[in-house]
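Here is protein_32.csv, consisting of CSV, C-alpha atoms:
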chain,number,residue,atom,x,y,z
C,632,MET,CA,161.6,58.7,6.7
C,633,LEU,CA,159.6,60.6,9.4
C,634,THR,CA,160.7,64.2,10.1
C,635,GLU,CA,160.9,65.8,13.5
C,636,SER,CA,157.7,67.7,12.6
C,637,ASP,CA,156.0,64.4,11.7
C,638,LEU,CA,156.9,62.9,15.1
C,639,VAL,CA,155.2,65.8,16.8
C,640,ARG,CA,152.3,66.1,14.5
C,641,TYR,CA,151.4,62.4,14.6
C,642,GLY,CA,152.7,61.9,18.1
C,643,ARG,CA,149.4,61.0,19.7
C,644,GLN,CA,148.6,58.3,17.1
C,645,ILE,CA,152.2,57.0,17.2
C,646,LEU,CA,151.6,56.3,20.9
C,647,TYR,CA,148.9,53.7,19.9
C,648,PRO,CA,150.2,50.2,20.7
C,649,GLY,CA,150.8,48.2,17.6
C,650,PHE,CA,151.0,51.3,15.4
C,651,GLY,CA,154.0,53.4,16.5
C,652,VAL,CA,156.7,55.0,14.2
C,653,LYS,CA,156.6,52.0,11.9
C,654,GLY,CA,152.9,52.4,11.3
C,655,GLN,CA,153.3,56.1,10.7
C,656,ARG,CA,156.0,55.5,8.2
C,657,LYS,CA,153.8,53.1,6.3
C,658,LEU,CA,151.0,55.7,6.2
C,659,LYS,CA,153.5,58.3,4.9
C,660,GLN,CA,154.6,55.9,2.1
C,661,SER,CA,151.0,55.1,1.1
C,662,HIS,CA,148.8,56.3,-1.7
C,663,VAL,CA,145.1,56.3,-1.3
C,664,VAL,CA,142.5,57.2,-3.9
C,665,VAL,CA,139.3,58.8,-2.7
C,666,ALA,CA,136.7,58.3,-5.4
C,667,GLY,CA,134.0,60.9,-5.1
C,668,LEU,CA,134.1,64.1,-3.0
C,669,GLY,CA,130.6,64.2,-1.5
C,670,GLY,CA,129.6,63.5,2.1
C,671,LEU,CA,131.8,60.3,2.3
C,672,GLY,CA,134.8,61.5,0.3
C,673,THR,CA,135.2,64.9,1.8
C,674,THR,CA,135.2,63.5,5.4
C,675,ALA,CA,137.4,60.6,4.4
C,676,SER,CA,139.9,63.0,2.8
C,677,VAL,CA,140.1,65.1,5.9
C,678,PHE,CA,141.0,62.2,8.2
C,679,LEU,CA,143.4,60.7,5.7
C,680,ALA,CA,145.2,64.0,5.5
C,681,CYS,CA,145.1,64.4,9.3
C,682,ALA,CA,146.5,60.9,9.7
C,683,GLY,CA,149.4,61.6,7.4
C,684,VAL,CA,148.7,59.3,4.5
C,685,GLY,CA,151.5,60.5,2.2
C,686,HIS,CA,149.7,60.8,-1.1
C,687,ILE,CA,145.9,61.2,-1.6
C,688,THR,CA,144.3,61.3,-5.0
C,689,ILE,CA,140.9,62.9,-4.9
C,690,VAL,CA,138.5,62.4,-7.9
C,691,ASP,CA,135.2,64.1,-8.7
C,692,SER,CA,133.6,65.5,-11.8
C,693,ASP,CA,131.0,67.8,-10.1
C,694,PHE,CA,130.9,71.4,-9.1
C,695,VAL,CA,130.0,72.6,-5.6
C,696,GLU,CA,126.4,73.5,-5.1
C,697,LEU,CA,124.5,75.1,-2.1
C,698,SER,CA,122.6,71.8,-1.5
C,699,ASN,CA,125.9,70.0,-0.9
C,700,LEU,CA,126.8,72.1,2.1
C,701,ASN,CA,124.9,70.2,4.8
C,702,ARG,CA,127.3,67.3,4.5
C,703,GLN,CA,130.3,67.8,2.3
C,704,ILE,CA,132.5,69.4,4.8
C,705,LEU,CA,135.4,70.4,2.6
C,706,HIS,CA,133.2,72.6,0.4
C,707,TRP,CA,132.1,76.0,1.8
C,708,GLU,CA,129.7,78.7,0.7
C,709,GLN,CA,132.6,80.6,-1.0
C,710,ASP,CA,133.3,77.5,-3.2
C,711,ILE,CA,129.9,77.3,-4.9
C,712,GLY,CA,130.5,76.9,-8.6
C,713,GLU,CA,134.1,75.6,-8.1
C,714,THR,CA,135.1,72.1,-9.0
C,715,LYS,CA,134.8,69.8,-6.0
C,716,ALA,CA,138.3,68.5,-6.7
C,717,LEU,CA,140.0,71.9,-6.5
C,718,SER,CA,137.7,73.1,-3.6
C,719,ALA,CA,138.8,70.0,-1.6
C,720,ALA,CA,142.4,70.1,-2.6
C,721,ARG,CA,142.8,73.7,-1.5
C,722,LYS,CA,141.5,72.9,2.1
C,723,LEU,CA,143.5,69.7,2.4
C,724,ALA,CA,146.7,71.5,1.4
C,725,LYS,CA,146.1,74.0,4.2
C,726,LEU,CA,145.1,71.3,6.7
C,727,ASN,CA,148.3,69.3,6.2
C,728,PRO,CA,150.9,70.7,3.7
C,729,SER,CA,153.2,67.7,4.2
C,730,VAL,CA,150.7,65.5,2.4
C,731,GLU,CA,150.7,65.3,-1.4
C,732,VAL,CA,147.2,65.8,-2.8
C,733,THR,CA,146.4,65.1,-6.4
C,734,PRO,CA,143.0,66.6,-7.5
C,735,LEU,CA,141.4,65.0,-10.5
C,736,PHE,CA,138.4,66.8,-12.1
C,737,GLU,CA,137.0,63.9,-14.1
C,738,SER,CA,134.4,61.2,-14.2
C,739,ILE,CA,135.6,57.7,-13.4
C,740,THR,CA,135.0,55.5,-16.5
C,741,GLU,CA,136.1,52.0,-17.7
C,742,ASP,CA,138.6,53.8,-19.9
C,743,ASN,CA,140.4,55.9,-17.3
C,744,VAL,CA,139.9,53.9,-14.1
C,745,ARG,CA,143.2,51.9,-14.3
C,746,GLY,CA,145.2,55.1,-14.8
C,747,ILE,CA,143.5,56.8,-11.8
C,748,LEU,CA,144.1,53.8,-9.5
C,749,ARG,CA,147.7,53.2,-10.7
C,750,GLY,CA,150.1,52.9,-7.7
C,751,ALA,CA,147.2,53.1,-5.1
C,752,HIS,CA,147.4,51.0,-2.0
C,753,ALA,CA,143.7,51.5,-1.2
C,754,VAL,CA,140.6,53.0,-2.7
C,755,ILE,CA,137.9,54.7,-0.7
C,756,ASP,CA,134.4,54.5,-2.1
C,757,GLY,CA,132.8,57.9,-1.9
C,758,MET,CA,130.5,57.4,-4.9
C,759,ASP,CA,126.8,58.2,-4.9
C,760,ASN,CA,125.9,55.6,-7.6
C,761,PHE,CA,126.3,51.9,-8.2
C,762,GLU,CA,127.5,52.2,-11.8
C,763,THR,CA,130.8,53.8,-10.8
C,764,ARG,CA,131.2,51.5,-7.9
C,765,PHE,CA,131.0,48.5,-10.2
C,766,ILE,CA,133.7,50.1,-12.4
C,767,LEU,CA,135.9,50.8,-9.4
C,768,ASN,CA,135.3,47.3,-8.0
C,769,SER,CA,136.3,45.6,-11.3
C,770,ALA,CA,139.5,47.7,-11.5
C,771,CYS,CA,140.4,47.1,-7.9
C,772,VAL,CA,139.9,43.3,-8.2
C,773,GLY,CA,142.0,43.3,-11.4
C,774,ALA,CA,144.8,45.3,-9.8
C,775,GLY,CA,144.6,43.7,-6.4
C,776,ILE,CA,143.8,46.9,-4.6
C,777,PRO,CA,141.7,46.9,-1.5
C,778,PHE,CA,138.4,48.8,-2.0
C,779,ILE,CA,136.7,50.2,1.1
C,780,HIS,CA,133.0,50.6,0.4
C,781,ALA,CA,130.4,52.7,2.1
C,782,GLY,CA,126.9,53.7,1.2
C,783,ILE,CA,124.4,55.9,3.0
C,784,ASN,CA,120.7,56.9,2.9
C,785,GLY,CA,119.1,59.1,5.5
C,786,LEU,CA,120.4,57.9,8.8
C,787,LEU,CA,121.3,54.5,7.4
C,788,GLY,CA,124.9,53.5,6.4
C,789,GLU,CA,126.9,50.5,5.5
C,790,VAL,CA,130.7,49.8,5.3
C,791,THR,CA,132.8,46.9,4.3
C,792,THR,CA,136.4,46.3,3.3
C,793,ILE,CA,136.9,44.4,0.0
C,794,ILE,CA,140.2,42.6,-0.3
C,795,PRO,CA,140.6,41.1,-3.8
C,796,GLY,CA,141.1,37.4,-3.7
C,797,LYS,CA,140.2,37.1,0.0
C,798,THR,CA,136.8,38.6,0.5
C,799,PRO,CA,133.6,38.8,-1.5
C,800,CYS,CA,133.9,41.7,-4.0
C,801,PHE,CA,131.3,44.4,-4.5
C,802,ALA,CA,129.7,42.5,-7.4
C,803,CYS,CA,129.4,39.4,-5.1
C,804,ILE,CA,127.5,41.5,-2.6
C,805,PHE,CA,125.4,43.4,-5.2
C,806,PRO,CA,125.0,41.4,-8.4
C,807,GLN,CA,122.9,44.3,-9.8
C,808,ALA,CA,122.4,47.9,-8.9
C,809,PRO,CA,119.3,48.7,-6.9
C,810,PRO,CA,116.8,51.2,-8.5
C,811,GLU,CA,118.1,54.7,-8.2
C,812,GLY,CA,115.7,57.6,-7.9
C,813,GLU,CA,115.8,61.2,-7.2
C,814,ALA,CA,117.9,62.9,-4.5
C,815,ILE,CA,118.0,60.8,-1.4
C,816,PRO,CA,117.5,62.2,2.1
C,817,VAL,CA,120.7,62.5,4.2
C,818,PHE,CA,122.0,64.2,7.3
C,819,GLY,CA,125.6,65.1,7.2
C,820,VAL,CA,126.4,63.0,10.2
C,821,THR,CA,125.7,59.7,8.4
C,822,PRO,CA,128.4,60.0,5.7
C,823,ALA,CA,130.7,61.5,8.2
C,824,LEU,CA,130.4,58.5,10.5
C,825,MET,CA,130.7,56.0,7.6
C,826,ALA,CA,133.7,57.9,6.2
C,827,ALA,CA,135.4,57.9,9.6
C,828,LEU,CA,134.9,54.1,9.7
C,829,GLN,CA,136.3,53.8,6.1
C,830,VAL,CA,139.5,55.7,7.2
C,831,THR,CA,139.7,53.6,10.4
C,832,GLU,CA,139.8,50.6,8.1
C,833,THR,CA,142.3,52.2,5.7
C,834,ILE,CA,144.7,53.1,8.6
C,835,LYS,CA,144.6,49.5,9.9
C,836,LEU,CA,145.0,48.1,6.4
C,837,LEU,CA,147.9,50.2,5.5
C,838,ALA,CA,149.7,50.0,8.8
C,839,GLY,CA,149.0,46.3,9.2
C,840,PHE,CA,147.3,46.0,12.6
C,841,GLY,CA,143.8,45.2,14.1
C,842,ASP,CA,140.9,43.4,12.5
C,843,LEU,CA,139.2,44.6,9.3
C,844,LEU,CA,135.6,44.4,8.2
C,845,ALA,CA,136.8,41.9,5.6
C,846,GLY,CA,134.0,39.7,4.5
C,847,LYS,CA,131.6,41.6,6.9
C,848,MET,CA,129.2,44.4,6.3
C,849,LEU,CA,128.7,46.8,9.2
C,850,TYR,CA,125.3,48.4,9.0
C,851,PHE,CA,124.4,51.5,11.0
C,852,ASN,CA,120.9,52.8,11.8
C,853,GLY,CA,121.1,56.3,13.3
C,854,GLU,CA,117.4,56.4,14.1
C,855,THR,CA,117.6,53.5,16.5
C,856,MET,CA,121.4,53.7,17.1
C,857,GLU,CA,121.9,50.1,16.1
C,858,PHE,CA,125.1,48.7,14.6
C,859,THR,CA,124.7,45.3,13.0
C,860,ALA,CA,127.6,43.3,11.5
C,861,VAL,CA,126.8,40.5,9.1
C,862,ASP,CA,128.9,37.9,7.3
C,863,LEU,CA,129.1,38.2,3.5
C,864,VAL,CA,129.8,35.3,1.3
C,865,ARG,CA,131.7,35.2,-2.0
C,866,ASN,CA,129.7,34.3,-5.1
C,867,PRO,CA,131.7,31.5,-7.0
C,868,GLU,CA,129.7,32.6,-10.1
C,869,CYS,CA,130.7,36.2,-9.7
C,870,SER,CA,131.5,37.7,-13.1
C,871,VAL,CA,134.2,39.9,-11.5
C,872,CYS,CA,136.0,37.8,-8.9
C,873,GLY,CA,134.5,34.3,-9.3
C,874,GLY,CA,137.7,33.0,-10.8
C,875,LEU,CA,140.0,34.3,-8.1
C,876,LYS,CA,141.2,31.9,-5.5
C,877,ARG,CA,140.4,32.6,-1.9
M,10,MET,CA,107.1,27.0,12.6
M,11,SER,CA,108.0,30.6,12.6
M,12,VAL,CA,111.0,32.9,12.1
M,13,THR,CA,111.6,36.3,13.4
M,14,VAL,CA,112.0,38.8,10.6
M,15,LYS,CA,113.9,42.0,11.4
M,16,LEU,CA,112.7,44.8,9.1
M,17,PRO,CA,114.8,47.7,7.9
M,18,LEU,CA,113.7,51.2,8.9
M,19,LEU,CA,112.2,51.9,5.5
M,20,LEU,CA,109.9,48.9,5.7
M,21,ARG,CA,108.7,49.4,9.3
M,22,GLN,CA,106.2,52.0,8.2
M,23,PHE,CA,104.3,49.3,6.4
M,24,ALA,CA,104.2,47.0,9.5
M,25,THR,CA,102.7,49.5,11.9
M,26,GLY,CA,106.2,50.6,13.0
M,27,GLN,CA,107.2,47.1,14.1
M,28,GLN,CA,110.9,46.2,13.8
M,29,LEU,CA,110.4,42.5,14.6
M,30,VAL,CA,107.7,40.4,13.0
M,31,GLU,CA,107.0,36.7,13.5
M,32,VAL,CA,106.3,35.1,10.1
M,33,ALA,CA,105.8,31.5,9.0
M,34,GLY,CA,107.7,29.9,6.2
M,35,TYR,CA,110.0,27.0,5.4
M,36,SER,CA,112.1,29.0,2.9
M,37,VAL,CA,113.1,32.7,2.7
M,38,THR,CA,110.9,33.2,-0.4
M,39,GLU,CA,107.9,31.6,1.4
M,40,CYS,CA,108.6,33.8,4.4
M,41,LEU,CA,108.8,37.0,2.4
M,42,ASN,CA,105.6,36.0,0.6
M,43,ASN,CA,103.8,35.5,3.9
M,44,LEU,CA,105.3,38.8,5.2
M,45,THR,CA,104.0,40.7,2.2
M,46,ALA,CA,100.6,39.0,2.4
M,47,GLN,CA,100.4,40.4,5.9
M,48,PHE,CA,101.7,43.8,4.9
M,49,PRO,CA,100.9,44.3,1.2
M,50,ASP,CA,102.4,47.8,0.9
M,51,MET,CA,105.8,46.2,1.5
M,52,ARG,CA,105.7,44.0,-1.6
M,53,ARG,CA,106.9,46.6,-4.1
M,54,TRP,CA,110.1,47.1,-2.1
M,55,LEU,CA,110.9,43.4,-1.8
M,56,PHE,CA,109.8,41.8,-5.1
M,57,THR,CA,110.2,42.6,-8.8
M,58,LYS,CA,107.1,42.8,-11.0
M,59,GLN,CA,108.0,39.3,-12.1
M,60,GLY,CA,107.6,38.1,-8.5
M,61,GLU,CA,111.3,37.5,-7.8
M,62,VAL,CA,113.1,38.9,-4.7
M,63,ALA,CA,114.7,42.2,-5.9
M,64,THR,CA,118.5,42.2,-6.1
M,65,HIS,CA,118.8,45.3,-3.9
M,66,VAL,CA,117.3,43.3,-1.0
M,67,ARG,CA,120.0,41.9,1.3
M,68,LEU,CA,119.0,38.8,3.3
M,69,PHE,CA,120.7,37.3,6.3
M,70,ILE,CA,119.8,34.2,8.2
M,71,ASN,CA,121.2,34.4,11.7
M,72,ARG,CA,123.5,37.2,10.5
M,73,LYS,CA,124.9,35.2,7.6
M,74,GLN,CA,124.3,36.3,4.1
M,75,ALA,CA,121.5,34.1,2.5
M,76,SER,CA,119.7,33.7,-0.8
M,77,ALA,CA,116.0,33.7,-1.3
M,78,ALA,CA,116.0,30.0,-2.0
M,79,GLU,CA,117.5,29.0,1.3
M,80,SER,CA,115.4,27.1,3.8
M,81,LEU,CA,114.6,28.3,7.3
M,82,LYS,CA,114.3,26.5,10.7
M,83,ASP,CA,111.9,27.3,13.5
M,84,GLY,CA,113.4,30.2,15.6
M,85,ASP,CA,115.7,31.5,12.8
M,86,GLU,CA,116.2,35.2,12.6
M,87,LEU,CA,115.8,36.6,9.1
M,88,ILE,CA,117.3,40.1,8.7
M,89,ILE,CA,116.2,42.2,5.7
M,90,LEU,CA,118.3,45.1,4.6
M,91,LEU,CA,118.0,47.3,1.6
M,92,ALA,CA,121.1,48.5,-0.3
M,93,VAL,CA,122.0,52.2,0.2
M,94,ALA,CA,123.6,53.9,-2.7
M,95,GLY,CA,124.2,57.5,-1.5
M,96,GLY,CA,127.6,59.0,-0.8

Translate this file's structure into structure tokens.
Amino acid sequence: MLTESDLVRYGRQILYPGFGVKGQRKLKQSHVVVAGLGGLGTTASVFLACAGVGHITIVDSDFVELSNLNRQILHWEQDIGETKALSAARKLAKLNPSVEVTPLFESITEDNVRGILRGAHAVIDGMDNFETRFILNSACVGAGIPFIHAGINGLLGEVTTIIPGKTPCFACIFPQAPPEGEAIPVFGVTPALMAALQVTETIKLLAGFGDLLAGKMLYFNGETMEFTAVDLVRNPECSVCGGLKR
Amino acid sequence: MSVTVKLPLLLRQFATGQQLVEVAGYSVTECLNNLTAQFPDMRRWLFTKQGEVATHVRLFINRKQASAAESLKDGDELIILLAVAGG
């Protein structure tokens, strides 16, 4: 049930046609896992908390470093050396104390992923590597949990919403990981923008309105300010979701 | 018979900064081979050492996901995108 404070706090989004009190109640009853607390995950967590998603689990196995601070907006200079999970949880609790935040300081592996995702209504991809994305994708497909993917490099970004059984899964789109090298270039605005799009998708998904980037990849090029949406196709031979019916 | 190839930012540096390049080819692979014959420095980004199109290369014909084996028609638009892994 929404409290009087909720109705005031979320009043401006409750005004949105097709969302309303019903949509807000759905957000409050929802549990979203944010996998990774880098540029994508910190920004996504902020907007999930602002929007009133009732339970947010945040997962990261790293410690805050000075080189993170150009983009990872929940980590500040005073947090250097702190775990990203606790650094982020502390800020989110102050931002919106009515939201339950569960910080997990651990790596996501094939052994623990099902436990981490248990009860989640959506998973936001804030990872910086393909290996963990593949683990998350398989677990999401297995459990039927939507997986909202984003990736960035420099001023380039991509985002898509993977709905198990309905859309191509991450392994359909990327059968194998691309080569991964040293630190990639990135401005803070790129993950911030992609994360804002991920949360836009999450809100619509949870509240049940609007159109999703389901089966579509939206690409952003910040240097030329181009957005390009392309259709994705499911791989019937996909080792992860190939057996699922559309 | 030519298609318009739209290059990702990273590859434009190898094509004198051009975003759109007209390339001949009846299949995506043929088109990419012709593209890299024209701009050899691009090859290592698009092909494996074994000569196959690398799996991190995303291909779209007229904005629909395509494989390297697919055929092309005159006037098609081939978009090349590279996977981005950062977060």

Please produce, as CSV, a per-residue contact table for chain M versus chain C (criterion: any atom at most 9 Å away, all atoms listed in the file considered), showing the nearest atom pair and its distance in Å to one decimal, sorted by chain then residue number.
residue,atom,partner,partner_atom,distance
M:Pro17,CA,C:Asn852,CA,8.9
M:Leu18,CA,C:Asn852,CA,7.9
M:Ala63,CA,C:Pro809,CA,8.0
M:Thr64,CA,C:Gln807,CA,6.1
M:His65,CA,C:Pro809,CA,4.6
M:Val66,CA,C:Pro809,CA,8.2
M:Arg67,CA,C:Ile804,CA,8.5
M:Phe69,CA,C:Val861,CA,7.4
M:Asn71,CA,C:Val861,CA,8.7
M:Arg72,CA,C:Val861,CA,4.9
M:Lys73,CA,C:Asp862,CA,4.8
M:Gln74,CA,C:Leu863,CA,5.2
M:Ala75,CA,C:Val864,CA,8.5
M:Leu90,CA,C:Tyr850,CA,8.9
M:Leu91,CA,C:Pro809,CA,8.7
M:Ala92,CA,C:Pro809,CA,6.8
M:Val93,CA,C:Gly782,CA,5.2
M:Ala94,CA,C:Gly782,CA,5.1
M:Gly95,CA,C:Asp759,CA,4.3
M:Gly96,CA,C:Asp759,CA,4.3

Just how far from atom CA of C:Gly819 is atom CA of C:Leu836, in Å to one decimal? 25.8 Å

Would you please work out which residue, of M:Ile70, M:Ala78, M:Ala33, M:Leu19, is nearest to M:Gln47 when using only C-alpha atoms?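 Closest to M:Gln47 of all the choices is M:Ala33.
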
Write out as an MDAnalysis selection string the residues lying within 8 Å of C:Ala827, counting all atoms listed in the file and excluding same-chain residues fewer than 5 positions away. chainID C and resid 674:675 678

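Of the residues listed (C:Gln644, C:Leu837, C:Lys797, C:Leu723), C:Leu837 shows the shortest atom-to-atom separation from C:Lys659; distances use all atoms listed in the file.
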
Test item: residues at most 10 Å from stretch 686-690 of chain C, only C-alpha atoms, excluding those fewer than 2 positions along its chain, as a PyMOL selection string: chain C and resi 658-668+672-673+676+679-680+683-684+692-693+715-717+719-720+723+729-739+747-748+751+753-755+757-758

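Proximity to C:Glu832 at 8 Å, evaluated using only C-alpha atoms and with sequence-adjacent residues fewer than 6 positions away removed, yields Ile779, Thr792, Leu843 and Leu844 of chain C.
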
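For the set M:Ser11, M:Asn42, M:Thr57, M:Gln27, the residue with the smallest atom-to-atom gap to M:Asp85 is M:Ser11, counting only C-alpha atoms.
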
Do you know which residues are at most 9 Å from M:Met51 counting all atoms listed in the file, after dropping those on the same chain fewer than 6 positions away, and could you put them as a PDB file with C-alpha atoms, in the frame of the given file?
ATOM      1  CA  LEU M  20     109.900  48.900   5.700  1.00  0.00           C
ATOM      2  CA  ARG M  21     108.700  49.400   9.300  1.00  0.00           C
ATOM      3  CA  GLN M  22     106.200  52.000   8.200  1.00  0.00           C
ATOM      4  CA  PHE M  23     104.300  49.300   6.400  1.00  0.00           C
ATOM      5  CA  ALA M  24     104.200  47.000   9.500  1.00  0.00           C
ATOM      6  CA  LEU M  44     105.300  38.800   5.200  1.00  0.00           C
ATOM      7  CA  THR M  45     104.000  40.700   2.200  1.00  0.00           C
TER       8      THR M  45
END

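What separates atom CA of C:Gly649 from atom CA of C:Ser636 is a distance of 21.3 Å.
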
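Distances from M:Ile89, M:Ser76, M:Glu39, M:Leu81 to C:Asn866 were compared using all atoms listed in the file, and the smallest one belongs to M:Ser76.
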
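Between atom CA of C:Pro777 and atom CA of C:Thr833 there is a distance of 9.0 Å.
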